[in-house]
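**Student:** What follows is model-v8.json; its format and atoms are JSON, C-alpha atoms.
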```json
[["chain", "number", "residue", "atom", "x", "y", "z"],
["A", 1, "MET", "CA", 0.00, 0.00, 0.00],
["A", 2, "LYS", "CA", 1.26, 3.48, -0.84],
["A", 3, "VAL", "CA", 0.29, 6.34, 1.45],
["A", 4, "ARG", "CA", 0.08, 9.92, 0.25],
["A", 5, "ARG", "CA", 1.66, 12.49, 2.59],
["A", 6, "VAL", "CA", 0.91, 16.19, 2.17],
["A", 7, "VAL", "CA", 3.14, 18.47, 4.25],
["A", 8, "THR", "CA", 2.74, 22.18, 4.91],
["A", 9, "GLY", "CA", 5.35, 24.69, 5.95],
["A", 10, "HIS", "CA", 6.13, 28.38, 5.88],
["A", 11, "GLU", "CA", 7.81, 30.81, 3.51],
["A", 12, "GLY", "CA", 8.20, 33.84, 5.72],
["A", 13, "ASP", "CA", 4.73, 34.47, 7.17],
["A", 14, "LYS", "CA", 2.93, 32.60, 4.38],
["A", 15, "ALA", "CA", 1.65, 29.03, 4.64],
["A", 16, "VAL", "CA", 2.79, 26.81, 1.76],
["A", 17, "PHE", "CA", 2.63, 23.21, 0.65],
["A", 18, "ALA", "CA", 6.15, 21.94, 1.32],
["A", 19, "SER", "CA", 5.68, 18.51, -0.26],
["A", 20, "ASP", "CA", 3.08, 16.12, -1.65],
["A", 21, "GLN", "CA", 4.31, 12.60, -2.24],
["A", 22, "GLU", "CA", 3.60, 8.91, -1.84],
["A", 23, "VAL", "CA", 5.46, 7.15, 0.95],
["A", 24, "GLU", "CA", 6.57, 3.62, 0.21],
["A", 25, "PRO", "CA", 6.21, 1.04, 2.98],
["A", 26, "VAL", "CA", 9.09, -0.56, 4.82],
["A", 27, "THR", "CA", 8.82, -4.34, 4.52],
["A", 28, "LEU", "CA", 10.83, -7.06, 6.26],
["A", 29, "ALA", "CA", 11.73, -10.64, 5.32],
["A", 30, "LEU", "CA", 11.10, -11.58, 8.96],
["A", 31, "ALA", "CA", 7.44, -10.52, 8.74],
["A", 32, "PRO", "CA", 5.91, -11.13, 5.29],
["A", 33, "GLY", "CA", 2.81, -9.04, 4.66],
["A", 34, "VAL", "CA", 3.66, -6.57, 7.44],
["A", 35, "GLU", "CA", 4.26, -2.97, 6.35],
["A", 36, "PHE", "CA", 5.50, 0.10, 8.21],
["A", 37, "HIS", "CA", 4.90, 3.57, 6.78],
["A", 38, "ARG", "CA", 7.17, 6.05, 8.56],
["A", 39, "LEU", "CA", 5.25, 9.23, 7.80],
["A", 40, "TRP", "CA", 6.68, 11.86, 10.15],
["A", 41, "GLY", "CA", 8.55, 12.27, 13.38],
["A", 42, "GLY", "CA", 11.25, 14.09, 15.25],
["A", 43, "ASP", "CA", 13.42, 13.69, 18.29],
["A", 44, "GLN", "CA", 12.61, 17.07, 19.83],
["A", 45, "VAL", "CA", 9.69, 19.45, 20.18],
["A", 46, "PRO", "CA", 9.13, 21.28, 16.87],
["A", 47, "ALA", "CA", 9.32, 25.07, 16.47],
["A", 48, "PHE", "CA", 7.53, 27.25, 13.91],
["A", 49, "PRO", "CA", 7.73, 28.80, 11.45],
["A", 50, "ASP", "CA", 9.57, 26.10, 9.54],
["A", 51, "GLY", "CA", 9.95, 25.16, 5.90],
["A", 52, "GLY", "CA", 8.21, 21.79, 6.24],
["A", 53, "ALA", "CA", 11.34, 19.68, 5.82],
["A", 54, "PRO", "CA", 11.19, 16.30, 7.57],
["A", 55, "PRO", "CA", 12.87, 16.39, 11.00],
["A", 56, "GLY", "CA", 15.43, 13.76, 11.91],
["A", 57, "GLN", "CA", 14.13, 10.51, 13.35],
["A", 58, "PRO", "CA", 17.08, 8.13, 13.48],
["A", 59, "THR", "CA", 15.28, 5.39, 15.45],
["A", 60, "TYR", "CA", 11.88, 3.78, 14.99],
["A", 61, "PHE", "CA", 10.74, 4.57, 18.54],
["A", 62, "PRO", "CA", 11.08, 8.17, 19.75],
["A", 63, "PRO", "CA", 13.13, 9.33, 22.74],
["A", 64, "VAL", "CA", 11.63, 11.45, 25.52],
["A", 65, "GLY", "CA", 10.38, 14.62, 23.86],
["A", 66, "GLY", "CA", 10.28, 12.92, 20.46],
["A", 67, "PHE", "CA", 7.32, 11.76, 18.39],
["A", 68, "ARG", "CA", 6.50, 9.46, 15.49],
["A", 69, "PHE", "CA", 3.51, 9.19, 13.14],
["A", 70, "GLY", "CA", 2.93, 6.29, 10.81],
["A", 71, "PHE", "CA", 0.81, 3.40, 9.66],
["A", 72, "PHE", "CA", 1.46, -0.26, 10.18],
["A", 73, "THR", "CA", -0.21, -3.16, 8.47],
["A", 74, "LEU", "CA", -0.50, -6.59, 10.09],
["A", 75, "ALA", "CA", -0.65, -9.55, 7.73],
["A", 76, "PRO", "CA", -3.63, -11.92, 7.87],
["A", 77, "ALA", "CA", -3.64, -15.00, 10.10],
["A", 78, "GLY", "CA", -1.36, -17.78, 8.91],
["A", 79, "THR", "CA", 1.21, -15.49, 7.30],
["A", 80, "GLY", "CA", 4.69, -16.05, 8.60],
["A", 81, "PRO", "CA", 8.33, -16.13, 7.60],
["A", 82, "PRO", "CA", 9.55, -18.86, 5.28],
["A", 83, "ALA", "CA", 11.00, -21.96, 6.94],
["A", 84, "ASP", "CA", 14.40, -21.36, 5.34],
["A", 85, "LEU", "CA", 14.68, -17.73, 6.52],
["A", 86, "ASP", "CA", 18.19, -16.62, 7.49],
["A", 87, "VAL", "CA", 17.22, -15.17, 10.88],
["A", 88, "GLY", "CA", 20.52, -13.34, 11.37],
["A", 89, "ALA", "CA", 20.20, -11.60, 8.01],
["A", 90, "ALA", "CA", 16.52, -10.84, 8.70],
["A", 91, "LEU", "CA", 17.36, -9.21, 12.05],
["A", 92, "ALA", "CA", 20.13, -7.18, 10.39],
["A", 93, "GLU", "CA", 17.61, -6.05, 7.78],
["A", 94, "MET", "CA", 15.20, -4.99, 10.55],
["A", 95, "GLU", "CA", 17.92, -2.96, 12.25],
["A", 96, "GLU", "CA", 18.84, -1.28, 8.96],
["A", 97, "LYS", "CA", 15.26, -0.42, 7.92],
["A", 98, "LEU", "CA", 13.70, 0.20, 11.37],
["A", 99, "PRO", "CA", 16.64, 1.20, 13.63],
["A", 100, "GLY", "CA", 16.22, 0.22, 17.26],
["A", 101, "MET", "CA", 13.11, -1.91, 16.80],
["A", 102, "ALA", "CA", 14.84, -5.28, 17.15],
["A", 103, "GLY", "CA", 16.30, -4.23, 20.49],
["A", 104, "HIS", "CA", 12.78, -3.88, 21.90],
["A", 105, "MET", "CA", 11.56, -7.27, 20.67],
["A", 106, "GLU", "CA", 11.70, -10.36, 22.87],
["A", 107, "PRO", "CA", 13.20, -13.30, 20.95],
["A", 108, "ALA", "CA", 11.59, -15.91, 23.23],
["A", 109, "GLU", "CA", 8.14, -14.28, 22.80],
["A", 110, "PRO", "CA", 7.79, -13.29, 19.12],
["A", 111, "GLY", "CA", 6.16, -9.88, 18.75],
["A", 112, "MET", "CA", 6.16, -9.10, 22.48],
["A", 113, "HIS", "CA", 7.80, -5.76, 23.25],
["A", 114, "THR", "CA", 7.90, -2.81, 25.64],
["A", 115, "THR", "CA", 8.75, 0.78, 24.73],
["A", 116, "ASP", "CA", 9.08, 4.01, 26.67],
["A", 117, "THR", "CA", 6.30, 5.62, 24.66],
["A", 118, "ILE", "CA", 2.65, 6.51, 24.80],
["A", 119, "ASP", "CA", 1.11, 5.15, 21.60],
["A", 120, "PHE", "CA", -2.19, 6.36, 20.18],
["A", 121, "GLU", "CA", -3.57, 3.84, 17.65],
["A", 122, "VAL", "CA", -6.62, 3.88, 15.40],
["A", 123, "VAL", "CA", -7.64, 0.78, 13.46],
["A", 124, "LEU", "CA", -8.29, 2.01, 9.93],
["A", 125, "SER", "CA", -9.33, -1.36, 8.49],
["A", 126, "GLY", "CA", -9.62, -4.93, 9.67],
["A", 127, "GLU", "CA", -9.46, -6.17, 13.24],
["A", 128, "VAL", "CA", -6.51, -6.70, 15.56],
["A", 129, "VAL", "CA", -6.10, -8.30, 18.95],
["A", 130, "LEU", "CA", -3.95, -6.55, 21.53],
["A", 131, "GLU", "CA", -2.33, -8.98, 23.98],
["A", 132, "LEU", "CA", -0.77, -7.82, 27.25],
["A", 133, "ASP", "CA", 2.00, -9.55, 29.18],
["A", 134, "ASP", "CA", -0.36, -11.65, 31.32],
["A", 135, "GLY", "CA", -2.19, -13.03, 28.26],
["A", 136, "ALA", "CA", -5.19, -10.70, 28.60],
["A", 137, "GLU", "CA", -6.54, -9.75, 25.17],
["A", 138, "ARG", "CA", -8.89, -7.23, 23.59],
["A", 139, "ALA", "CA", -10.16, -7.21, 20.00],
["A", 140, "VAL", "CA", -9.99, -3.76, 18.38],
["A", 141, "ARG", "CA", -12.02, -3.18, 15.22],
["A", 142, "THR", "CA", -12.17, -0.60, 12.43],
["A", 143, "GLY", "CA", -12.69, 2.88, 13.87],
["A", 144, "GLU", "CA", -11.74, 1.86, 17.40],
["A", 145, "THR", "CA", -8.71, 3.17, 19.28],
["A", 146, "VAL", "CA", -6.02, 2.14, 21.75],
["A", 147, "VAL", "CA", -3.93, 4.27, 24.11],
["A", 148, "GLN", "CA", -0.86, 2.20, 24.93],
["A", 149, "ASN", "CA", 0.92, 3.48, 28.06],
["A", 150, "GLY", "CA", 4.36, 1.87, 27.88],
["A", 151, "THR", "CA", 3.04, -1.62, 28.60],
["A", 152, "ARG", "CA", 4.47, -4.94, 27.48],
["A", 153, "HIS", "CA", 2.34, -6.13, 24.58],
["A", 154, "ARG", "CA", 2.02, -7.66, 21.13],
["A", 155, "TRP", "CA", -0.44, -7.46, 18.25],
["A", 156, "HIS", "CA", -2.25, -10.27, 16.42],
["A", 157, "ASN", "CA", -4.30, -10.30, 13.25],
["A", 158, "ARG", "CA", -6.39, -13.46, 13.42],
["A", 159, "GLY", "CA", -8.61, -12.46, 10.50],
["A", 160, "PRO", "CA", -8.38, -13.27, 6.79],
["A", 161, "GLU", "CA", -7.54, -9.70, 5.65],
["A", 162, "PRO", "CA", -4.67, -7.33, 6.42],
["A", 163, "ALA", "CA", -5.35, -4.91, 9.29],
["A", 164, "VAL", "CA", -4.13, -1.31, 8.99],
["A", 165, "LEU", "CA", -3.50, 0.93, 12.00],
["A", 166, "ALA", "CA", -2.47, 4.57, 12.26],
["A", 167, "VAL", "CA", -0.14, 5.20, 15.18],
["A", 168, "PHE", "CA", 1.22, 8.32, 16.87],
["A", 169, "MET", "CA", 3.96, 7.68, 19.46],
["A", 170, "VAL", "CA", 5.36, 10.11, 22.01],
["A", 171, "GLY", "CA", 8.53, 9.38, 23.97],
["A", 172, "ALA", "CA", 7.91, 9.18, 27.73],
["A", 173, "HIS", "CA", 9.85, 8.82, 30.98],
["A", 174, "ARG", "CA", 9.64, 5.46, 32.74],
["A", 175, "ARG", "CA", 9.74, 5.79, 36.51],
["A", 176, "GLY", "CA", 12.79, 4.19, 38.02],
["A", 177, "SER", "CA", 14.85, 4.40, 34.82],
["A", 178, "THR", "CA", 17.74, 6.75, 34.29]]
```
Write out the structure in this file as structure tokens.
**Tutor:**
Amino acid sequence: MKVRRVVTGHEGDKAVFASDQEVEPVTLALAPGVEFHRLWGGDQVPAFPDGGAPPGQPTYFPPVGGFRFGFFTLAPAGTGPPADLDVGAALAEMEEKLPGMAGHMEPAEPGMHTTDTIDFEVVLSGEVVLELDDGAERAVRTGETVVQNGTRHRWHNRGPEPAVLAVFMVGAHRRGST
């Protein structure tokens, strides 16, 4: 799926369209059918006026004071990596395309992860299941939302169609961490 991104900015005191383009998805050999659209983000609070150029976002998850906006698509049930997948190469690919993501994933619990972010998600199409660390689950359908407060979790798509979510992440402090 291609996603169109229209960005505004400023030329002096005048509002302008800074860019209008399609954003290609990031795909991974480790997760066939899963797509990540990195649409916007920054590692510090923005200041205006600005020209509308994309701020730096070197890692997938934002630091404290940073933010990310994107879409992610979960493949339908039964979609998984090929049996002959070179896991080492696939993890290197993940680190190259989505820096820092692999470090948050738990190898013994595929998909389970914890981040120091508040995530605001909206299911745009399909249905997903959000699983927390104790196995508790909630189905979230098209038009429904999730506010994820730095909890250990993973996502499932148990349906026959891809599920698309919009996500906005804000870096947060975790009590007790330095």
**Student:** In Å, with one decimal, what is the gap from CA of Val122 (chain A) to CA of Leu30 (chain A)?
**Tutor:** 24.4 Å
**Student:** From the list A:Arg4, A:Arg141, A:Arg68, A:Lys14, which residue is nearest Val164 (chain A) when using all atoms listed in the file?
**Tutor:**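 With all atoms listed in the file as the atom set, the closest residue is A:Arg141.
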**Student:** Leaving out region 54-62 of chain A and any residue of its chain fewer than 3 positions from it, which residues lie within 7 Å of it when counting only C-alpha atoms, given as a PyMOL selection string?
**Tutor:** chain A and resi 40-43+66-68+98-101+170-171
**Student:** Quick one: axis-aligned box around all listed atoms of region 125-129 of chain A, 8 Å on every side, centre and edge lengths in Å to one decimal, written as AutoDock Vina command-line options.
**Tutor:**
```
--center_x -7.9 --center_y -4.8 --center_z 13.7 --size_x 19.5 --size_y 22.9 --size_z 26.5
```
**Student:** Using all atoms listed in the file, give me every residue within 10 Å of (-1.3, 3.5, 12.1) in file coordinates, as a ChimeraX atom specification.
**Tutor:** /A:36-39,69-73,119-124,163-169
**Student:** Quick one: of A:Ala53, A:Ala139, A:Val45, A:Leu91, who's nearest to Val16 (chain A), counting only C-alpha atoms?
**Tutor:**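 Residue with the minimum atom-to-atom distance to Val16 (chain A): A:Ala53.
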**Student:** Nearest to Ala31 (chain A): which of A:Glu161, A:Gly126, A:Gly111, A:Arg175 is it, counting all atoms listed in the file?
**Tutor:**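 Of A:Glu161, A:Gly126, A:Gly111, A:Arg175, the one nearest Ala31 (chain A) is A:Gly111, counting all atoms listed in the file.
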**Student:** Out of A:Gly33, A:Gly65, A:Pro25, A:Gly51, which residue has the shortest atom-to-atom distance to Gly80 (chain A) when counting all atoms listed in the file?
**Tutor:**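 Of A:Gly33, A:Gly65, A:Pro25, A:Gly51, the one nearest Gly80 (chain A), counting all atoms listed in the file, is A:Gly33.
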**Student:** Name the closest residue to His156 (chain A) among the candidates A:Val23, A:Val128, A:Ala172, A:Ala15; distances are taken between atoms, counting only C-alpha atoms.
**Tutor:**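 Using only C-alpha atoms, His156 (chain A) sits closest to A:Val128.
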**Student:** Just checking: using only C-alpha atoms, which residue out of A:Pro82, A:Gly88, A:Gly150, A:Gly12 ends up closest to His104 (chain A)?
**Tutor:**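 The shortest atom-to-atom distance to His104 (chain A) comes from A:Gly150.
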**Student:** Would you compute the distance between CA of Gly103 (chain A) and CA of Pro81 (chain A)? Give it in Å to one decimal.
**Tutor:**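 Pair CA of Gly103 (chain A) / CA of Pro81 (chain A) returns 19.3 Å.
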**Student:** So what do you get for CA of Gly78 (chain A) versus CA of Asn157 (chain A), distance-wise?
**Tutor:**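 Atom-to-atom, CA of Gly78 (chain A) and CA of Asn157 (chain A) are spaced 9.1 Å apart.
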